[in-house]
Amino acid sequence: MQIYNTISRKKEDFVPLNPPNVNMYVCGPTVYDYFHLGNARSFLMADVIRKYLEYKGYKVKFAMNLTDVDDKIIKKANEQNTDTKEITEKYTQAFFDDIKKLRIKKADIYPKATEHMAEITQLIEKLEEKNSAYNVDGNVFFNVSNFQEYGKLSGKKLDELESGARVEINKDKKNPLDFALWKKVKPDEPYWESKWGNGRPGWHIECSAMSQKHLGETIDIHAGGSDLIFPHHENEIAQSEGATGKPFVKYWIHFGFLNIRDEKMSKSLGNFFTTREVLKHYSAESIRHFFNQTHYAGPLNYSEDLLESAQRGLEKINNFVEEIKEGILRNKKDGITPEFDIDRYKFAFENAMDDDFNTPKATAVIFDFVRDANKTIGDKKNEINSEFYITLKNFLKSTADDVLTILSFDEKVIEESSSLQNNLIELLIKLRNEARQEKNFKLGDKIRDELNAMGVQLKDSKEGTSYKIVKVD
Ligand code: AMP
Ligand code: ZN
């Protein structure tokens with residue numbers, strides 16, 4: 001398996017530090033608003049990579065930080081006359097709700113900056129001891145001139161970086177590229193105590209401190225959008241390696257931008273759609289299919305037409321999933337076994353994904369598989385044995401569902417249902433229980449089975465009968 005490594009600018013064989021374990025850190029959201037579809041691209045591609053590593057048998061420990069102290073959060077809290085905690089709690093919950101709807105697998109850890117002040121200040125102290133940090137009246141800066149390799153990730157020389165980039169002008173800095181590790185408190189800002197006085201951490205140091213705490217001094221994979229290469233990830237390297245003297249990250253992965261008319265989708269430009277809004281009109285699978293059709297590193301232009309066609313493109317696959325499910329239920333074990341080489345598709349899928357997670361190619365393999373399997377089944381769908389359908393299912397489940405997540409074999413719980421609907425279900429449950437009390441088990445079972453066929457599952461327990469409404473995909 002090969003991964004394109006931003007730092008070496010080439011594809012490298014993937015050899016984890018401590019196989020089968022893989023430690024992966026992805027820069028997560030600043031929780032001051034609903035995240036937009038551009039952010040979603042980064043979160044979704046990270047999810048596909050993680051899921052494919054798990055498919056390959058790696059044990060992935062996955063961390064995604066939540067930036068919950070930041071200028072933008074403070075600004076929003078002041079505008080809304082509230083405190084930052086109220087803002088971050090609201091949008092952290094919204095983040096969890098939305099990634100669940102996108103079918104992103106939960107991280108093992110979501111470290112928050114505000115819960116790691118001890119680790120952050122300790123790391124800054126360590127940098128101070130090594131002359132890599134200096135304090136100017138309660139503001140602490142990283143001393144870039146003490147880290148010879150500064151610029152190695154973005155591949156730029158120091159003078160290029162100085163002239164070109166978004167480096168903050170500040171008269172207290174010795175070098176324009178130096179950056180804040182600790183910011184002295186200002187009025188109306190949240191603060192924490194430290195040996196340099198009250199203040200709050202800079203953004204970059206959070207990720208260095210939290211990744212070290214949860215994943216160790218050297219990690220396998222660090223990922224994020226390509227806007228983070230400089231300065232954020234460049235600075236993370238300087239801080240982490242400056243403090244430990246060890247390599248910080250083995251493989252750097254960066255996601256291309258989701259653009260609108262060739263401009264990066266971003267909050268500040270105002271050219272964004274929240275993922276929450278898009279999810280009202282398009283399924284998670286359609287959104288994911290739209291993203292998977294472009295390699296994660298390349299740019300991708302958003303258009304509603306593309307999303308629309310992603311949704312339509314999946315119809316064929318979804319119909320086939322239905323057919324497989326019916327085939328498994330309907331057919332017997334002793335039917336005919338058609339000639340069909342599933343391994344060929346498995347091999348092609350793995351080949352594509354092993355080549356730097358080539359999801360467009362892997363997706364094409366799934367479509368070929370569906371077309372060819374459909375052709376093989378032809379007009380024999382009632383005569384084929386159920387085991388054959390199960391092998392088709394197993395392939396699609398492990399690839400298109402568990403990795404690409406463009407279809408679903410699992411039933412989905414429908415969360416919202418009308419109160420009339422709920423009342424009717426409860427009435428039927430009551431009638432069923434009365435039938436059972438009268439020992440009319442035939443009627444009781446009939447009610448249960450009919451409800452089940454409609455997607456209402458009953459569960460009997462000591463406390464009584466509960467139900468859940470599921471949609472069988
Ligand atoms: P933020 O909440 O701005 O810190 O961003 C969260 C993640 O989304 C980071 O990994 C960013 O690099 C990424 N990101 C932001 N905008 C885009 C975009 N237009 N396309 C792809 N990724 C993005
Ligand atoms: Zn980060």
# chains A, B, ... in the order shown; residues from 1 in each chain; ligands from 1
call {"tool": "closest_atom_pairs", "arguments": {"of": "chain A", "to": "ligand 1", "cutoff": "8 Å", "atoms": "only C-alpha atoms and all ligand atoms", "output": "Markdown table"}}
result
| residue | atom | partner | partner_atom_place_in_ligand_line | distance |
| --- | --- | --- | --- | --- |
| A:Val26 | CA | ligand 1 | 10 (O) | 7.1 |
| A:Cys27 | CA | ligand 1 | 10 (O) | 5.1 |
| A:Gly28 | CA | ligand 1 | 6 (C) | 5.0 |
| A:Pro29 | CA | ligand 1 | 2 (O) | 3.5 |
| A:Thr30 | CA | ligand 1 | 2 (O) | 4.1 |
| A:Val31 | CA | ligand 1 | 2 (O) | 6.8 |
| A:Phe35 | CA | ligand 1 | 2 (O) | 6.8 |
| A:His36 | CA | ligand 1 | 16 (N) | 7.7 |
| A:Leu37 | CA | ligand 1 | 19 (N) | 7.3 |
| A:Gly38 | CA | ligand 1 | 18 (C) | 3.5 |
| A:Asn39 | CA | ligand 1 | 8 (O) | 3.5 |
| A:Ala40 | CA | ligand 1 | 8 (O) | 6.8 |
| A:Arg41 | CA | ligand 1 | 21 (C) | 5.3 |
| A:Ser42 | CA | ligand 1 | 22 (N) | 4.7 |
| A:Phe43 | CA | ligand 1 | 8 (O) | 7.0 |
| A:Thr67 | CA | ligand 1 | 4 (O) | 7.4 |
| A:Ala223 | CA | ligand 1 | 10 (O) | 7.4 |
| A:Gly224 | CA | ligand 1 | 10 (O) | 3.9 |
| A:Gly225 | CA | ligand 1 | 12 (O) | 3.0 |
| A:Ser226 | CA | ligand 1 | 12 (O) | 5.7 |
| A:Asp227 | CA | ligand 1 | 12 (O) | 5.2 |
| A:Leu228 | CA | ligand 1 | 12 (O) | 5.4 |
| A:Phe255 | CA | ligand 1 | 21 (C) | 6.2 |
| A:Gly256 | CA | ligand 1 | 21 (C) | 5.6 |
| A:Phe257 | CA | ligand 1 | 20 (N) | 3.4 |
| A:Leu258 | CA | ligand 1 | 20 (N) | 3.9 |
| A:Asn259 | CA | ligand 1 | 19 (N) | 5.8 |
| A:Lys264 | CA | ligand 1 | 19 (N) | 4.7 |
| A:Met265 | CA | ligand 1 | 19 (N) | 3.9 |
| A:Ser266 | CA | ligand 1 | 16 (N) | 5.4 |
| A:Lys267 | CA | ligand 1 | 3 (O) | 7.8 |
call {"tool": "residues_near_ligand", "arguments": {"ligand": "ligand 2", "cutoff": "12 Å", "atoms": "only C-alpha atoms and all ligand atoms", "output": "PyMOL selection string"}}
result
chain A and resi 25-30+63-67+111-113+202-211+222-237+254
call {"tool": "atom_distance", "arguments": {"atom1": "CA of Lys59 in chain A", "atom2": "CA of Asp108 in chain A"}}
result
11.4 Å
call {"tool": "closest_residue", "arguments": {"among": "A:Ser309, A:Gln2, A:Gln457, A:Gln239", "to": "Ile49 in chain A", "atoms": "only C-alpha atoms"}}
result
A:Gln2
call {"tool": "residues_around", "arguments": {"residues": "Asp172 in chain A", "least_positions_apart": "3", "cutoff": "10 Å", "atoms": "only C-alpha atoms", "output": "count of residues only"}}
result
10
call {"tool": "closest_residue", "arguments": {"among": "A:Lys126, A:Ser466, A:Val403, A:Phe409", "to": "Ile429 in chain A", "atoms": "only C-alpha atoms"}}
result
A:Ser466
call {"tool": "select_by_dssp", "arguments": {"residues": "range 90-158 of chain A", "states": "alpha helix (DSSP H)", "output": "list in words"}}
result
Lys90, Tyr91, Thr92, Gln93, Ala94, Phe95, Phe96, Asp97, Asp98, Ile99, Lys100, Lys101, Met117, Ala118, Glu119, Ile120, Thr121, Gln122, Leu123, Ile124, Glu125, Lys126, Leu127, Glu128, Glu129 and Leu158 of chain A
call {"tool": "residues_around", "arguments": {"residues": "Thr218 in chain A", "least_positions_apart": "3", "cutoff": "8 Å", "atoms": "only C-alpha atoms", "output": "list of chain:residue names"}}
result
A:Gln212, A:Leu215, A:Lys246, A:Pro247, A:Phe248, A:Val249, A:Lys250
call {"tool": "write_last_selection", "arguments": {"atoms": "C-alpha atoms", "output": "tab-separated table (two decimals), in the first residue's frame"}}
result
chain	number	residue	atom	x	y	z
A	212	GLN	CA	1.50	13.76	21.93
A	215	LEU	CA	-1.00	9.12	20.42
A	246	LYS	CA	12.06	12.95	17.63
A	247	PRO	CA	10.22	12.84	14.31
A	248	PHE	CA	6.65	14.00	14.86
A	249	VAL	CA	4.78	12.33	11.99
A	250	LYS	CA	5.62	9.58	9.53
call {"tool": "decode", "arguments": {"residues": "range 165-209 of chain A", "atoms": "C-alpha atoms", "output": "tab-separated table (two decimals), in the first residue's frame"}}
result
chain	number	residue	atom	x	y	z
A	165	ALA	CA	2.35	33.90	3.85
A	166	ARG	CA	-0.30	34.92	6.26
A	167	VAL	CA	2.18	35.65	9.04
A	168	GLU	CA	0.89	37.84	11.76
A	169	ILE	CA	2.71	41.15	12.17
A	170	ASN	CA	3.65	41.76	15.77
A	171	LYS	CA	6.34	44.10	17.06
A	172	ASP	CA	7.20	41.76	19.93
A	173	LYS	CA	8.37	38.98	17.61
A	174	LYS	CA	12.09	38.57	16.98
A	175	ASN	CA	11.41	37.07	13.57
A	176	PRO	CA	8.22	37.61	11.52
A	177	LEU	CA	7.79	33.81	11.24
A	178	ASP	CA	7.77	33.33	15.01
A	179	PHE	CA	4.29	32.46	16.18
A	180	ALA	CA	2.27	32.62	19.39
A	181	LEU	CA	2.37	29.73	21.84
A	182	TRP	CA	0.63	31.61	24.64
A	183	LYS	CA	-1.44	34.74	24.27
A	184	LYS	CA	-1.76	37.19	27.10
A	185	VAL	CA	-5.35	37.73	28.24
A	186	LYS	CA	-7.32	40.66	26.82
A	187	PRO	CA	-10.53	42.11	28.32
A	188	ASP	CA	-13.62	39.95	27.72
A	189	GLU	CA	-11.61	36.89	26.80
A	190	PRO	CA	-11.50	33.52	28.53
A	191	TYR	CA	-8.16	32.82	30.20
A	192	TRP	CA	-6.19	30.23	32.12
A	193	GLU	CA	-3.42	30.73	34.65
A	194	SER	CA	0.17	30.07	33.75
A	195	LYS	CA	3.69	30.95	34.79
A	196	TRP	CA	3.62	33.69	32.13
A	197	GLY	CA	0.42	35.12	33.56
A	198	ASN	CA	-3.22	34.70	32.57
A	199	GLY	CA	-3.81	33.90	28.96
A	200	ARG	CA	-4.77	31.25	26.43
A	201	PRO	CA	-2.86	28.96	24.10
A	202	GLY	CA	-2.13	29.61	20.44
A	203	TRP	CA	-3.91	27.33	17.99
A	204	HIS	CA	-0.89	25.33	16.79
A	205	ILE	CA	0.37	24.24	20.21
A	206	GLU	CA	-2.99	22.59	20.98
A	207	CYS	CA	-2.50	19.98	18.30
A	208	SER	CA	1.11	19.27	19.26
A	209	ALA	CA	0.20	18.80	22.92
